[in-house]
$ cat query13.cif   # mmCIF, C-alpha atoms and all ligand atoms
data_query
#
loop_
_atom_site.label_atom_id
_atom_site.label_comp_id
_atom_site.auth_asym_id
_atom_site.auth_seq_id
_atom_site.Cartn_x
_atom_site.Cartn_y
_atom_site.Cartn_z
CA MET A 1 -145.59 103.73 -26.17
CA LYS A 2 -143.83 100.42 -26.73
CA PHE A 3 -144.60 98.78 -30.08
CA TYR A 4 -145.16 95.30 -28.68
CA ASP A 5 -147.79 96.61 -26.25
CA VAL A 6 -150.01 97.30 -29.26
CA PRO A 7 -150.14 94.02 -31.19
CA ASP A 8 -152.87 95.24 -33.57
CA ALA A 9 -150.39 97.78 -34.91
CA TYR A 10 -147.64 95.13 -35.06
CA ASP A 11 -149.87 92.84 -37.15
CA LEU A 12 -150.98 95.44 -39.70
CA PHE A 13 -148.32 94.62 -42.27
CA PHE A 14 -148.51 90.81 -42.26
CA SER A 15 -150.57 89.00 -44.90
CA GLU A 16 -151.45 85.51 -46.16
CA ASN A 17 -148.71 86.04 -48.74
CA PHE A 18 -146.17 86.26 -45.91
CA TYR A 19 -147.32 82.85 -44.61
CA VAL A 20 -146.91 81.32 -48.09
CA GLU A 21 -143.35 82.69 -48.34
CA CYS A 22 -142.56 81.39 -44.85
CA MET A 23 -143.94 77.94 -45.62
CA ASN A 24 -141.86 77.69 -48.80
CA PHE A 25 -138.75 78.68 -46.86
CA TYR A 26 -139.45 76.26 -43.99
CA LYS A 27 -140.02 73.42 -46.50
CA GLU A 28 -136.47 73.99 -47.71
CA ILE A 29 -134.68 74.41 -44.40
CA PHE A 30 -136.46 71.51 -42.70
CA ALA A 31 -136.33 69.25 -45.77
CA LYS A 32 -135.19 65.71 -44.94
CA LYS A 33 -135.76 66.32 -41.20
CA LYS A 34 -138.41 64.31 -39.41
CA TYR A 35 -139.25 67.09 -36.96
CA LYS A 36 -142.74 67.27 -35.48
CA ASP A 37 -142.53 69.60 -32.47
CA PHE A 38 -141.60 73.25 -33.00
CA TYR A 39 -141.18 75.86 -30.28
CA ASP A 40 -140.78 79.61 -30.96
CA CYS A 41 -139.48 81.31 -27.81
CA ALA A 42 -140.20 84.86 -29.10
CA VAL A 43 -143.44 84.07 -30.85
CA GLY A 44 -144.92 87.60 -30.73
CA THR A 45 -148.36 87.45 -32.35
CA GLY A 46 -147.44 84.13 -33.97
CA GLN A 47 -146.61 85.38 -37.43
CA MET A 48 -143.68 83.01 -38.00
CA LEU A 49 -145.17 80.05 -36.12
CA ILE A 50 -148.58 80.10 -37.84
CA PRO A 51 -147.00 78.85 -41.11
CA LEU A 52 -145.64 75.79 -39.26
CA ALA A 53 -149.06 75.12 -37.71
CA LYS A 54 -150.59 75.44 -41.19
CA MET A 55 -148.07 72.83 -42.38
CA GLY A 56 -149.48 70.43 -39.77
CA PHE A 57 -146.68 70.52 -37.17
CA ASN A 58 -147.18 70.67 -33.40
CA THR A 59 -146.45 74.22 -32.32
CA THR A 60 -145.64 75.86 -29.01
CA GLY A 61 -144.87 79.53 -28.53
CA SER A 62 -143.89 81.87 -25.76
CA ASP A 63 -143.14 85.56 -25.45
CA ILE A 64 -142.22 87.99 -22.69
CA ASN A 65 -145.12 90.28 -23.61
CA VAL A 66 -148.61 89.26 -22.44
CA ASN A 67 -150.33 91.47 -25.06
CA MET A 68 -148.45 89.72 -27.88
CA ILE A 69 -149.43 86.31 -26.46
CA LYS A 70 -153.11 87.33 -26.16
CA LYS A 71 -153.06 88.42 -29.82
CA ALA A 72 -151.21 85.24 -30.86
CA LYS A 73 -154.01 83.20 -29.25
CA LEU A 74 -156.61 85.18 -31.26
CA ASN A 75 -154.58 84.81 -34.47
CA PHE A 76 -154.29 81.04 -34.10
CA ALA A 77 -157.95 80.62 -33.11
CA GLY A 78 -159.07 82.84 -36.02
CA LYS A 79 -157.39 80.41 -38.39
CA ASN A 80 -158.69 77.31 -36.59
CA LEU A 81 -155.15 76.40 -35.64
CA ILE A 82 -154.08 74.95 -32.32
CA SER A 83 -150.96 76.01 -30.46
CA ASN A 84 -149.72 75.99 -26.91
CA LEU A 85 -148.99 79.65 -26.09
CA GLN A 86 -147.72 81.19 -22.87
CA VAL A 87 -145.82 84.10 -21.39
CA CYS A 88 -142.13 83.35 -20.79
CA ASP A 89 -138.90 85.32 -20.96
CA PHE A 90 -136.54 83.41 -23.25
CA ARG A 91 -133.89 83.73 -20.55
CA SER A 92 -136.04 81.54 -18.26
CA ILE A 93 -137.01 78.70 -20.60
CA LYS A 94 -135.27 76.08 -18.51
CA GLU A 95 -137.35 76.90 -15.42
CA LYS A 96 -140.68 77.48 -17.19
CA ILE A 97 -140.94 75.08 -20.15
CA LYS A 98 -141.15 71.50 -19.01
CA ARG A 99 -140.77 69.50 -22.21
CA GLU A 100 -138.43 69.03 -25.17
CA PHE A 101 -138.81 69.91 -28.83
CA ASP A 102 -137.34 68.91 -32.20
CA CYS A 103 -136.73 72.52 -33.15
CA VAL A 104 -136.36 75.56 -30.89
CA MET A 105 -136.73 78.86 -32.72
CA CYS A 106 -136.19 82.52 -31.96
CA THR A 107 -137.90 84.18 -34.91
CA GLY A 108 -138.41 87.63 -36.35
CA ASN A 109 -135.29 89.48 -35.22
CA SER A 110 -136.14 88.96 -31.55
CA ILE A 111 -132.81 87.89 -30.12
CA GLY A 112 -131.41 91.40 -30.63
CA HIS A 113 -133.65 92.64 -27.83
CA ILE A 114 -131.25 91.32 -25.20
CA LYS A 115 -127.82 92.69 -24.40
CA ASN A 116 -124.78 91.09 -26.05
CA GLU A 117 -123.53 89.65 -22.77
CA GLU A 118 -126.78 87.68 -22.37
CA LEU A 119 -126.70 86.10 -25.80
CA ILE A 120 -124.80 82.93 -24.85
CA ASP A 121 -127.16 82.37 -21.91
CA VAL A 122 -130.17 82.64 -24.24
CA LEU A 123 -128.63 80.00 -26.53
CA ALA A 124 -128.09 77.74 -23.50
CA SER A 125 -131.67 78.46 -22.42
CA MET A 126 -132.97 77.40 -25.87
CA ASP A 127 -130.66 74.36 -25.81
CA SER A 128 -132.13 73.23 -22.47
CA VAL A 129 -135.42 72.20 -24.14
CA LEU A 130 -134.02 70.90 -27.44
CA ARG A 131 -133.82 67.15 -28.06
CA PRO A 132 -130.45 65.74 -29.06
CA GLY A 133 -130.44 65.68 -32.88
CA GLY A 134 -132.80 68.67 -32.95
CA MET A 135 -132.24 72.12 -34.43
CA ILE A 136 -131.88 75.66 -33.20
CA TYR A 137 -133.28 78.23 -35.63
CA ILE A 138 -132.63 81.95 -35.24
CA ASP A 139 -133.29 84.76 -37.67
CA SER A 140 -131.93 88.25 -37.24
CA LYS A 141 -131.08 91.46 -38.98
CA ASN A 142 -127.46 91.46 -40.09
CA TRP A 143 -126.36 93.96 -37.44
CA ASP A 144 -122.76 93.99 -38.75
CA SER A 145 -124.08 95.40 -41.97
CA VAL A 146 -126.52 97.77 -40.21
CA LEU A 147 -123.65 99.25 -38.16
CA GLN A 148 -121.47 99.59 -41.23
CA ARG A 149 -124.11 101.48 -43.19
CA LYS A 150 -125.64 103.37 -40.23
CA GLN A 151 -128.97 103.18 -41.99
CA ARG A 152 -131.56 105.44 -40.34
CA PHE A 153 -134.78 105.01 -42.30
CA TYR A 154 -136.64 101.85 -43.19
CA LEU A 155 -139.74 102.22 -45.36
CA PHE A 156 -142.50 99.68 -45.90
CA ASN A 157 -144.82 99.46 -48.87
CA PRO A 158 -148.16 101.07 -47.97
CA LEU A 159 -151.14 98.96 -47.06
CA VAL A 160 -154.02 99.95 -49.31
CA ARG A 161 -157.42 99.55 -47.67
CA ASP A 162 -160.90 101.10 -47.50
CA ARG A 163 -160.72 104.51 -49.12
CA GLY A 164 -157.09 105.13 -48.28
CA ARG A 165 -153.88 103.56 -47.15
CA VAL A 166 -151.70 102.98 -44.10
CA ASN A 167 -148.03 103.98 -44.21
CA TYR A 168 -145.32 102.54 -42.00
CA ILE A 169 -141.84 104.00 -41.50
CA GLN A 170 -139.09 103.04 -39.06
CA VAL A 171 -136.53 105.61 -37.92
CA TRP A 172 -133.50 104.20 -36.15
CA ASP A 173 -131.64 106.32 -33.56
CA TYR A 174 -128.11 105.15 -32.77
CA GLN A 175 -127.52 105.59 -29.03
CA LYS A 176 -124.31 106.26 -27.09
CA ASP A 177 -124.56 102.89 -25.28
CA ASN A 178 -124.46 101.10 -28.70
CA SER A 179 -128.15 100.24 -28.62
CA ILE A 180 -130.50 101.38 -31.37
CA LEU A 181 -133.83 103.00 -30.59
CA PHE A 182 -136.33 101.92 -33.23
CA ASN A 183 -139.12 104.47 -33.76
CA TYR A 184 -142.16 103.09 -35.56
CA LEU A 185 -144.39 105.64 -37.28
CA ILE A 186 -147.73 104.43 -38.59
CA PHE A 187 -150.11 106.86 -40.20
CA GLU A 188 -153.29 106.42 -42.15
CA GLU A 189 -154.58 108.52 -45.04
CA ILE A 190 -158.14 108.57 -46.29
CA GLU A 191 -158.94 110.59 -49.40
CA ASN A 192 -155.56 112.32 -49.24
CA LYS A 193 -155.91 113.45 -45.61
CA ILE A 194 -153.94 112.01 -42.72
CA VAL A 195 -156.62 110.74 -40.33
CA SER A 196 -154.49 109.00 -37.69
CA LYS A 197 -150.85 108.97 -36.56
CA ARG A 198 -149.29 106.55 -34.13
CA GLN A 199 -145.74 106.43 -32.83
CA PHE A 200 -144.07 103.55 -30.96
CA TYR A 201 -140.58 102.50 -29.95
CA GLU A 202 -138.48 99.46 -29.05
CA ILE A 203 -134.78 99.02 -28.29
CA TYR A 204 -132.35 96.69 -30.02
CA TYR A 205 -128.82 95.73 -29.02
CA PRO A 206 -126.91 94.99 -32.23
CA PHE A 207 -124.57 92.01 -32.02
CA ALA A 208 -121.91 90.59 -34.33
CA ILE A 209 -122.89 87.38 -36.10
CA SER A 210 -119.56 85.95 -34.89
CA LEU A 211 -120.91 86.10 -31.30
CA LEU A 212 -123.84 83.88 -32.24
CA LEU A 213 -121.58 81.45 -34.11
CA GLU A 214 -119.10 81.26 -31.22
CA GLY A 215 -121.96 80.58 -28.78
CA LEU A 216 -123.35 77.75 -30.91
CA LYS A 217 -119.88 76.22 -31.28
CA GLU A 218 -119.32 76.49 -27.53
CA LEU A 219 -122.46 74.40 -27.05
CA ASN A 220 -121.03 71.88 -29.56
CA TYR A 221 -123.64 72.60 -32.21
CA GLN A 222 -122.90 71.11 -35.62
CA ASN A 223 -123.83 71.65 -39.24
CA ILE A 224 -124.26 75.38 -38.68
CA LYS A 225 -125.78 77.01 -41.76
CA ILE A 226 -126.47 80.63 -42.59
CA CYS A 227 -128.66 81.90 -45.40
CA LYS A 228 -130.80 84.88 -46.24
CA LEU A 229 -134.18 84.73 -44.51
CA GLY A 230 -136.48 83.36 -47.20
CA ASP A 231 -133.75 82.26 -49.63
CA VAL A 232 -131.64 79.19 -48.84
CA ASN A 233 -129.54 79.79 -51.95
CA GLN A 234 -128.21 83.17 -50.81
CA THR A 235 -125.42 82.35 -48.37
CA ASP A 236 -123.04 85.28 -48.93
CA ILE A 237 -123.36 87.14 -45.61
CA GLU A 238 -122.04 90.35 -47.21
CA LYS A 239 -125.17 90.39 -49.39
CA ILE A 240 -127.65 89.45 -46.68
CA ASP A 241 -129.55 92.06 -44.67
CA TRP A 242 -131.59 89.54 -42.63
CA TYR A 243 -130.24 86.04 -42.07
CA SER A 244 -131.41 82.70 -40.70
CA ILE A 245 -129.06 80.45 -38.79
CA THR A 246 -129.76 76.77 -38.27
CA ALA A 247 -127.58 74.53 -36.11
CA GLU A 248 -127.97 70.92 -35.04
CA LYS A 249 -127.56 69.64 -31.51
CA PRO A 250 -125.39 66.52 -31.48
CA ILE A 251 -126.86 63.28 -30.24
CA ASP A 252 -124.91 62.38 -27.10
CA GLU A 253 -122.55 59.86 -28.71
CA GLU A 254 -121.45 62.56 -31.17
CA ILE A 255 -119.99 64.85 -28.47
CA PRO A 256 -116.20 64.59 -28.58
CA GLU A 257 -114.94 62.96 -25.36
CA THR A 258 -112.62 65.84 -24.63
CA LYS A 259 -115.49 68.32 -24.67
CA GLU A 260 -118.47 68.42 -22.34
CA ARG A 261 -121.60 70.09 -23.54
CA LYS A 262 -121.91 73.32 -21.63
CA ARG A 263 -125.23 73.92 -19.97
CA PHE A 264 -126.49 76.34 -17.35
C1 LIG S 1 -139.95 91.73 -33.69
S1 LIG S 1 -140.97 90.84 -32.60
C2 LIG S 1 -141.01 89.25 -33.41
C3 LIG S 1 -142.23 88.46 -33.08
C4 LIG S 1 -142.44 87.21 -33.93
N1 LIG S 1 -141.37 86.26 -33.75
C5 LIG S 1 -142.55 87.60 -35.40
O1 LIG S 1 -141.67 87.21 -36.18
O2 LIG S 1 -143.51 88.29 -35.76
C6 LIG S 1 -139.93 90.58 -31.21
C7 LIG S 1 -140.61 89.80 -30.09
O3 LIG S 1 -139.61 89.43 -29.13
C8 LIG S 1 -140.24 89.46 -27.86
N2 LIG S 1 -139.20 89.51 -26.83
C9 LIG S 1 -138.33 90.49 -26.53
N3 LIG S 1 -137.54 90.17 -25.50
C10 LIG S 1 -137.93 88.91 -25.11
C11 LIG S 1 -137.51 88.02 -24.09
N4 LIG S 1 -136.54 88.35 -23.24
N5 LIG S 1 -138.12 86.83 -23.98
C12 LIG S 1 -139.13 86.49 -24.84
N6 LIG S 1 -139.59 87.29 -25.83
C13 LIG S 1 -138.99 88.49 -25.96
C14 LIG S 1 -141.09 90.72 -27.94
O4 LIG S 1 -142.06 90.78 -26.90
C15 LIG S 1 -141.66 90.59 -29.35
O5 LIG S 1 -142.89 89.90 -29.34
#

$ encode --input "query13.cif" --output "C-alpha cells"
Amino acid sequence: MKFYDVPDAYDLFFSENFYVECMNFYKEIFAKKKYKDFYDCAVGTGQMLIPLAKMGFNTTGSDINVNMIKKAKLNFAGKNLISNLQVCDFRSIKEKIKREFDCVMCTGNSIGHIKNEELIDVLASMDSVLRPGGMIYIDSKNWDSVLQRKQRFYLFNPLVRDRGRVNYIQVWDYQKDNSILFNYLIFEEIENKIVSKRQFYEIYYPFAISLLLEGLKELNYQNIKICKLGDVNQTDIEKIDWYSITAEKPIDEEIPETKERKRF
C-alpha cells in the first residue's frame, strides 16, 4: 500500500516539538521579509504549513493525494487554524490555482517524487503563482549525498505511548531506472510483544542539487540560498543531509533586458 494513502500512519511521528523547531527556522529564513501569503504545493497533512498558520500568516496548501488533503483539513481544524486546502498536482498549479502568493513552497522532500526531466516545469509551475519580489522555498534530501553513500536503512526514534511503543524504519531499494523505492515499516509493541505491523511504499527520483539551481537561475531567480533544513548557519552542502533552498523572484524592473523570464 502507498504510504500517502494512509495519512494517520504518516502523521504518527510528528509532534508539537516539530512545529516549534519549524517556527524557529521560518523566523530566521523569512526574517526581514514582509510576506503574508504562503502556499505549500505539496502540503501533505499540513505538517510544515501548520507552523506558518500558528505564526499568524495566511496559508494555502495543495497536494496530489486526496487522503492527505482530508487529513490536513482535520489537522488544521483540530488546532483551530484556518487554511485553504485543495487537491492539485504541482505540475498543474498554473491551471488550478487562481491567485498569487508571497512565498510558494514545496516542503518535506516532496519535489523528489517527480522525474528529473519534470523538475524545471515544476519550478515554472510554482513561479506562475508567485508575486514578483516573492520567494520560492524548497526543502529536499541531499540526493547527491544519498547516492554517494548508498544508504539503505533509516531509523527513527521510537514513539513511546500507552503500554508500549511504535517503531518506524525506512528501507531504501535502489532501482535499475535510478529511482529509489522507499519501504516504510511501522510496527507497534505492547508489553514486549509486536501487536501490529504495517508496510508501505513510495518512489523517489533522486536529482542533483545542481539541477534545481540551474532551473532557478534559468527563471532569473536571485539571492539563492542553501542551508540545512532547520539550521540557517549550516551552509556547507557536503555536511547537509536535508537542505532548504530559498530564491527570490525579481521584480520586473530587475530582469536584465537581454533576458526574458521564461514561463510555460
Ligand atoms: C513526504 S510528503 C511531504 C508532505 C508535507 N509537505 C510534509 O512535510 O509533511 C510528500 C507529499 O508530496 C505529495 N506529492 C507527490 N507528488 C505530488 C505532485 N505531483 N503534486 C502535488 N503533491 C505531490 C504527496 O502526496 C505527499 O503528500

$ closest_atom_pairs --input "query13.cif" --of "chain A" --to "ligand LIG 1 (chain S)" --cutoff "9 Å" --atoms "all atoms listed in the file" --output "JSON lines"
{"residue": "A:Phe3", "atom": "CA", "partner": "S:LIG1", "partner_atom": "C15", "distance": 8.7}
{"residue": "A:Tyr4", "atom": "CA", "partner": "S:LIG1", "partner_atom": "O4", "distance": 5.8}
{"residue": "A:Asp5", "atom": "CA", "partner": "S:LIG1", "partner_atom": "O4", "distance": 8.2}
{"residue": "A:Pro7", "atom": "CA", "partner": "S:LIG1", "partner_atom": "O5", "distance": 8.5}
{"residue": "A:Tyr10", "atom": "CA", "partner": "S:LIG1", "partner_atom": "O2", "distance": 8.0}
{"residue": "A:Asp11", "atom": "CA", "partner": "S:LIG1", "partner_atom": "O2", "distance": 7.9}
{"residue": "A:Phe14", "atom": "CA", "partner": "S:LIG1", "partner_atom": "O2", "distance": 8.6}
{"residue": "A:Asp40", "atom": "CA", "partner": "S:LIG1", "partner_atom": "N1", "distance": 7.2}
{"residue": "A:Cys41", "atom": "CA", "partner": "S:LIG1", "partner_atom": "C12", "distance": 6.0}
{"residue": "A:Ala42", "atom": "CA", "partner": "S:LIG1", "partner_atom": "N6", "distance": 4.1}
{"residue": "A:Val43", "atom": "CA", "partner": "S:LIG1", "partner_atom": "N1", "distance": 4.2}
{"residue": "A:Gly44", "atom": "CA", "partner": "S:LIG1", "partner_atom": "O5", "distance": 3.4}
{"residue": "A:Thr45", "atom": "CA", "partner": "S:LIG1", "partner_atom": "O2", "distance": 6.0}
{"residue": "A:Gly46", "atom": "CA", "partner": "S:LIG1", "partner_atom": "C4", "distance": 5.9}
{"residue": "A:Gln47", "atom": "CA", "partner": "S:LIG1", "partner_atom": "O2", "distance": 4.6}
{"residue": "A:Met48", "atom": "CA", "partner": "S:LIG1", "partner_atom": "O1", "distance": 5.0}
{"residue": "A:Leu49", "atom": "CA", "partner": "S:LIG1", "partner_atom": "N1", "distance": 7.7}
{"residue": "A:Ser62", "atom": "CA", "partner": "S:LIG1", "partner_atom": "C12", "distance": 6.7}
{"residue": "A:Asp63", "atom": "CA", "partner": "S:LIG1", "partner_atom": "N6", "distance": 4.0}
{"residue": "A:Ile64", "atom": "CA", "partner": "S:LIG1", "partner_atom": "C12", "distance": 4.1}
{"residue": "A:Asn65", "atom": "CA", "partner": "S:LIG1", "partner_atom": "O4", "distance": 4.5}
{"residue": "A:Val66", "atom": "CA", "partner": "S:LIG1", "partner_atom": "O4", "distance": 8.1}
{"residue": "A:Asn67", "atom": "CA", "partner": "S:LIG1", "partner_atom": "O4", "distance": 8.5}
{"residue": "A:Met68", "atom": "CA", "partner": "S:LIG1", "partner_atom": "O5", "distance": 5.8}
{"residue": "A:Ile69", "atom": "CA", "partner": "S:LIG1", "partner_atom": "O5", "distance": 8.0}
{"residue": "A:Val87", "atom": "CA", "partner": "S:LIG1", "partner_atom": "C12", "distance": 7.9}
{"residue": "A:Cys88", "atom": "CA", "partner": "S:LIG1", "partner_atom": "C12", "distance": 5.9}
{"residue": "A:Asp89", "atom": "CA", "partner": "S:LIG1", "partner_atom": "N5", "distance": 3.5}
{"residue": "A:Phe90", "atom": "CA", "partner": "S:LIG1", "partner_atom": "N5", "distance": 3.8}
{"residue": "A:Arg91", "atom": "CA", "partner": "S:LIG1", "partner_atom": "N4", "distance": 6.0}
{"residue": "A:Ser92", "atom": "CA", "partner": "S:LIG1", "partner_atom": "N5", "distance": 8.1}
{"residue": "A:Ile93", "atom": "CA", "partner": "S:LIG1", "partner_atom": "N5", "distance": 8.9}
{"residue": "A:Met105", "atom": "CA", "partner": "S:LIG1", "partner_atom": "N1", "distance": 8.8}
{"residue": "A:Cys106", "atom": "CA", "partner": "S:LIG1", "partner_atom": "N1", "distance": 6.6}
{"residue": "A:Thr107", "atom": "CA", "partner": "S:LIG1", "partner_atom": "N1", "distance": 4.2}
{"residue": "A:Gly108", "atom": "CA", "partner": "S:LIG1", "partner_atom": "O1", "distance": 3.3}
{"residue": "A:Asn109", "atom": "CA", "partner": "S:LIG1", "partner_atom": "C1", "distance": 5.4}
{"residue": "A:Ser110", "atom": "CA", "partner": "S:LIG1", "partner_atom": "C6", "distance": 4.1}
{"residue": "A:Ile111", "atom": "CA", "partner": "S:LIG1", "partner_atom": "N3", "distance": 7.0}
{"residue": "A:Gly112", "atom": "CA", "partner": "S:LIG1", "partner_atom": "N3", "distance": 8.1}
{"residue": "A:His113", "atom": "CA", "partner": "S:LIG1", "partner_atom": "N3", "distance": 5.2}
{"residue": "A:Ile114", "atom": "CA", "partner": "S:LIG1", "partner_atom": "N4", "distance": 6.4}
{"residue": "A:Val122", "atom": "CA", "partner": "S:LIG1", "partner_atom": "N4", "distance": 8.6}
{"residue": "A:Asp139", "atom": "CA", "partner": "S:LIG1", "partner_atom": "O1", "distance": 8.9}

$ closest_atom_pairs --input "query13.cif" --of "segment 97-202 of chain A" --to "segment 206-221 of chain A" --cutoff "7 Å" --atoms "only C-alpha atoms" --output "Markdown table"
| residue | atom | partner | partner_atom | distance |
| --- | --- | --- | --- | --- |
| A:Gly112 | CA | A:Pro206 | CA | 6.0 |
| A:Asn116 | CA | A:Phe207 | CA | 6.0 |
| A:Ile120 | CA | A:Gly215 | CA | 5.4 |
| A:Trp143 | CA | A:Pro206 | CA | 5.3 |
| A:Asp144 | CA | A:Ala208 | CA | 5.6 |
| A:Ser179 | CA | A:Pro206 | CA | 6.5 |

$ write_last_selection --input "query13.cif" --atoms "C-alpha atoms" --output "PDB file, keeping the file's coordinate frame"
ATOM      1  CA  GLY A 112    -131.410  91.400 -30.630  1.00  0.00           C
ATOM      2  CA  ASN A 116    -124.780  91.090 -26.050  1.00  0.00           C
ATOM      3  CA  ILE A 120    -124.800  82.930 -24.850  1.00  0.00           C
ATOM      4  CA  TRP A 143    -126.360  93.960 -37.440  1.00  0.00           C
ATOM      5  CA  ASP A 144    -122.760  93.990 -38.750  1.00  0.00           C
ATOM      6  CA  SER A 179    -128.150 100.240 -28.620  1.00  0.00           C
TER       7      SER A 179
END

$ residues_around --input "query13.cif" --residues "Phe30 of chain A" --least-positions-apart "2" --cutoff "12 Å" --atoms "only C-alpha atoms" --output "PyMOL selection string"
chain A and resi 22-28+32-36+38+52+55+57+102-103+134-137+232+246-248

$ closest_residue --input "query13.cif" --among "A:Leu81, A:Val20, A:Met126, A:Phe156" --to "Lys96 of chain A" --atoms "only C-alpha atoms"
A:Met126

$ closest_residue --input "query13.cif" --among "A:Gln199, A:Leu181, A:Ile138, A:Ile190" --to "Trp242 of chain A" --atoms "all atoms listed in the file"
A:Ile138

$ decode --input "query13.cif" --residues "segment 193-211 of chain A" --atoms "N, CA and C atoms" --output "PDB file, in the first residue's frame"
ATOM      1  N   LYS A 193       5.550  -7.433  23.146  1.00  0.00           N
ATOM      2  CA  LYS A 193       5.039  -8.265  22.034  1.00  0.00           C
ATOM      3  C   LYS A 193       4.685  -7.357  20.880  1.00  0.00           C
ATOM      4  N   ILE A 194       5.026  -7.787  19.656  1.00  0.00           N
ATOM      5  CA  ILE A 194       4.628  -6.996  18.493  1.00  0.00           C
ATOM      6  C   ILE A 194       3.146  -7.236  18.243  1.00  0.00           C
ATOM      7  N   VAL A 195       2.337  -6.172  18.305  1.00  0.00           N
ATOM      8  CA  VAL A 195       0.887  -6.339  18.176  1.00  0.00           C
ATOM      9  C   VAL A 195       0.368  -5.880  16.819  1.00  0.00           C
ATOM     10  N   SER A 196       1.145  -5.091  16.088  1.00  0.00           N
ATOM     11  CA  SER A 196       0.710  -4.731  14.728  1.00  0.00           C
ATOM     12  C   SER A 196       1.921  -4.400  13.868  1.00  0.00           C
ATOM     13  N   LYS A 197       1.811  -4.741  12.571  1.00  0.00           N
ATOM     14  CA  LYS A 197       2.899  -4.439  11.619  1.00  0.00           C
ATOM     15  C   LYS A 197       2.242  -3.845  10.398  1.00  0.00           C
ATOM     16  N   ARG A 198       2.808  -2.758   9.907  1.00  0.00           N
ATOM     17  CA  ARG A 198       2.283  -2.190   8.663  1.00  0.00           C
ATOM     18  C   ARG A 198       3.446  -1.871   7.748  1.00  0.00           C
ATOM     19  N   GLN A 199       3.223  -2.066   6.455  1.00  0.00           N
ATOM     20  CA  GLN A 199       4.292  -1.837   5.473  1.00  0.00           C
ATOM     21  C   GLN A 199       3.735  -1.002   4.321  1.00  0.00           C
ATOM     22  N   PHE A 200       4.455   0.051   3.959  1.00  0.00           N
ATOM     23  CA  PHE A 200       4.014   0.945   2.875  1.00  0.00           C
ATOM     24  C   PHE A 200       5.195   1.194   1.946  1.00  0.00           C
ATOM     25  N   TYR A 201       4.901   1.860   0.820  1.00  0.00           N
ATOM     26  CA  TYR A 201       5.995   2.239  -0.076  1.00  0.00           C
ATOM     27  C   TYR A 201       5.686   3.554  -0.777  1.00  0.00           C
ATOM     28  N   GLU A 202       6.722   4.198  -1.265  1.00  0.00           N
ATOM     29  CA  GLU A 202       6.613   5.349  -2.175  1.00  0.00           C
ATOM     30  C   GLU A 202       7.877   5.350  -3.035  1.00  0.00           C
ATOM     31  N   ILE A 203       7.825   6.059  -4.160  1.00  0.00           N
ATOM     32  CA  ILE A 203       9.001   6.096  -5.039  1.00  0.00           C
ATOM     33  C   ILE A 203       9.563   7.511  -5.119  1.00  0.00           C
ATOM     34  N   TYR A 204      10.867   7.604  -5.045  1.00  0.00           N
ATOM     35  CA  TYR A 204      11.561   8.885  -5.216  1.00  0.00           C
ATOM     36  C   TYR A 204      12.466   8.813  -6.446  1.00  0.00           C
ATOM     37  N   TYR A 205      12.660   9.966  -7.057  1.00  0.00           N
ATOM     38  CA  TYR A 205      13.584  10.092  -8.188  1.00  0.00           C
ATOM     39  C   TYR A 205      14.686  11.063  -7.770  1.00  0.00           C
ATOM     40  N   PRO A 206      15.807  10.555  -7.290  1.00  0.00           N
ATOM     41  CA  PRO A 206      16.876  11.439  -6.822  1.00  0.00           C
ATOM     42  C   PRO A 206      17.318  12.395  -7.924  1.00  0.00           C
ATOM     43  N   PHE A 207      17.639  13.616  -7.527  1.00  0.00           N
ATOM     44  CA  PHE A 207      18.106  14.603  -8.505  1.00  0.00           C
ATOM     45  C   PHE A 207      19.295  15.348  -7.904  1.00  0.00           C
ATOM     46  N   ALA A 208      20.158  15.831  -8.797  1.00  0.00           N
ATOM     47  CA  ALA A 208      21.332  16.587  -8.338  1.00  0.00           C
ATOM     48  C   ALA A 208      20.876  17.985  -7.941  1.00  0.00           C
ATOM     49  N   ILE A 209      21.461  18.517  -6.886  1.00  0.00           N
ATOM     50  CA  ILE A 209      21.091  19.872  -6.443  1.00  0.00           C
ATOM     51  C   ILE A 209      21.395  20.880  -7.554  1.00  0.00           C
ATOM     52  N   SER A 210      22.394  20.572  -8.383  1.00  0.00           N
ATOM     53  CA  SER A 210      22.756  21.490  -9.477  1.00  0.00           C
ATOM     54  C   SER A 210      21.575  21.675 -10.447  1.00  0.00           C
ATOM     55  N   LEU A 211      20.736  20.646 -10.594  1.00  0.00           N
ATOM     56  CA  LEU A 211      19.590  20.738 -11.498  1.00  0.00           C
ATOM     57  C   LEU A 211      18.583  21.786 -10.989  1.00  0.00           C
TER      58      LEU A 211
END
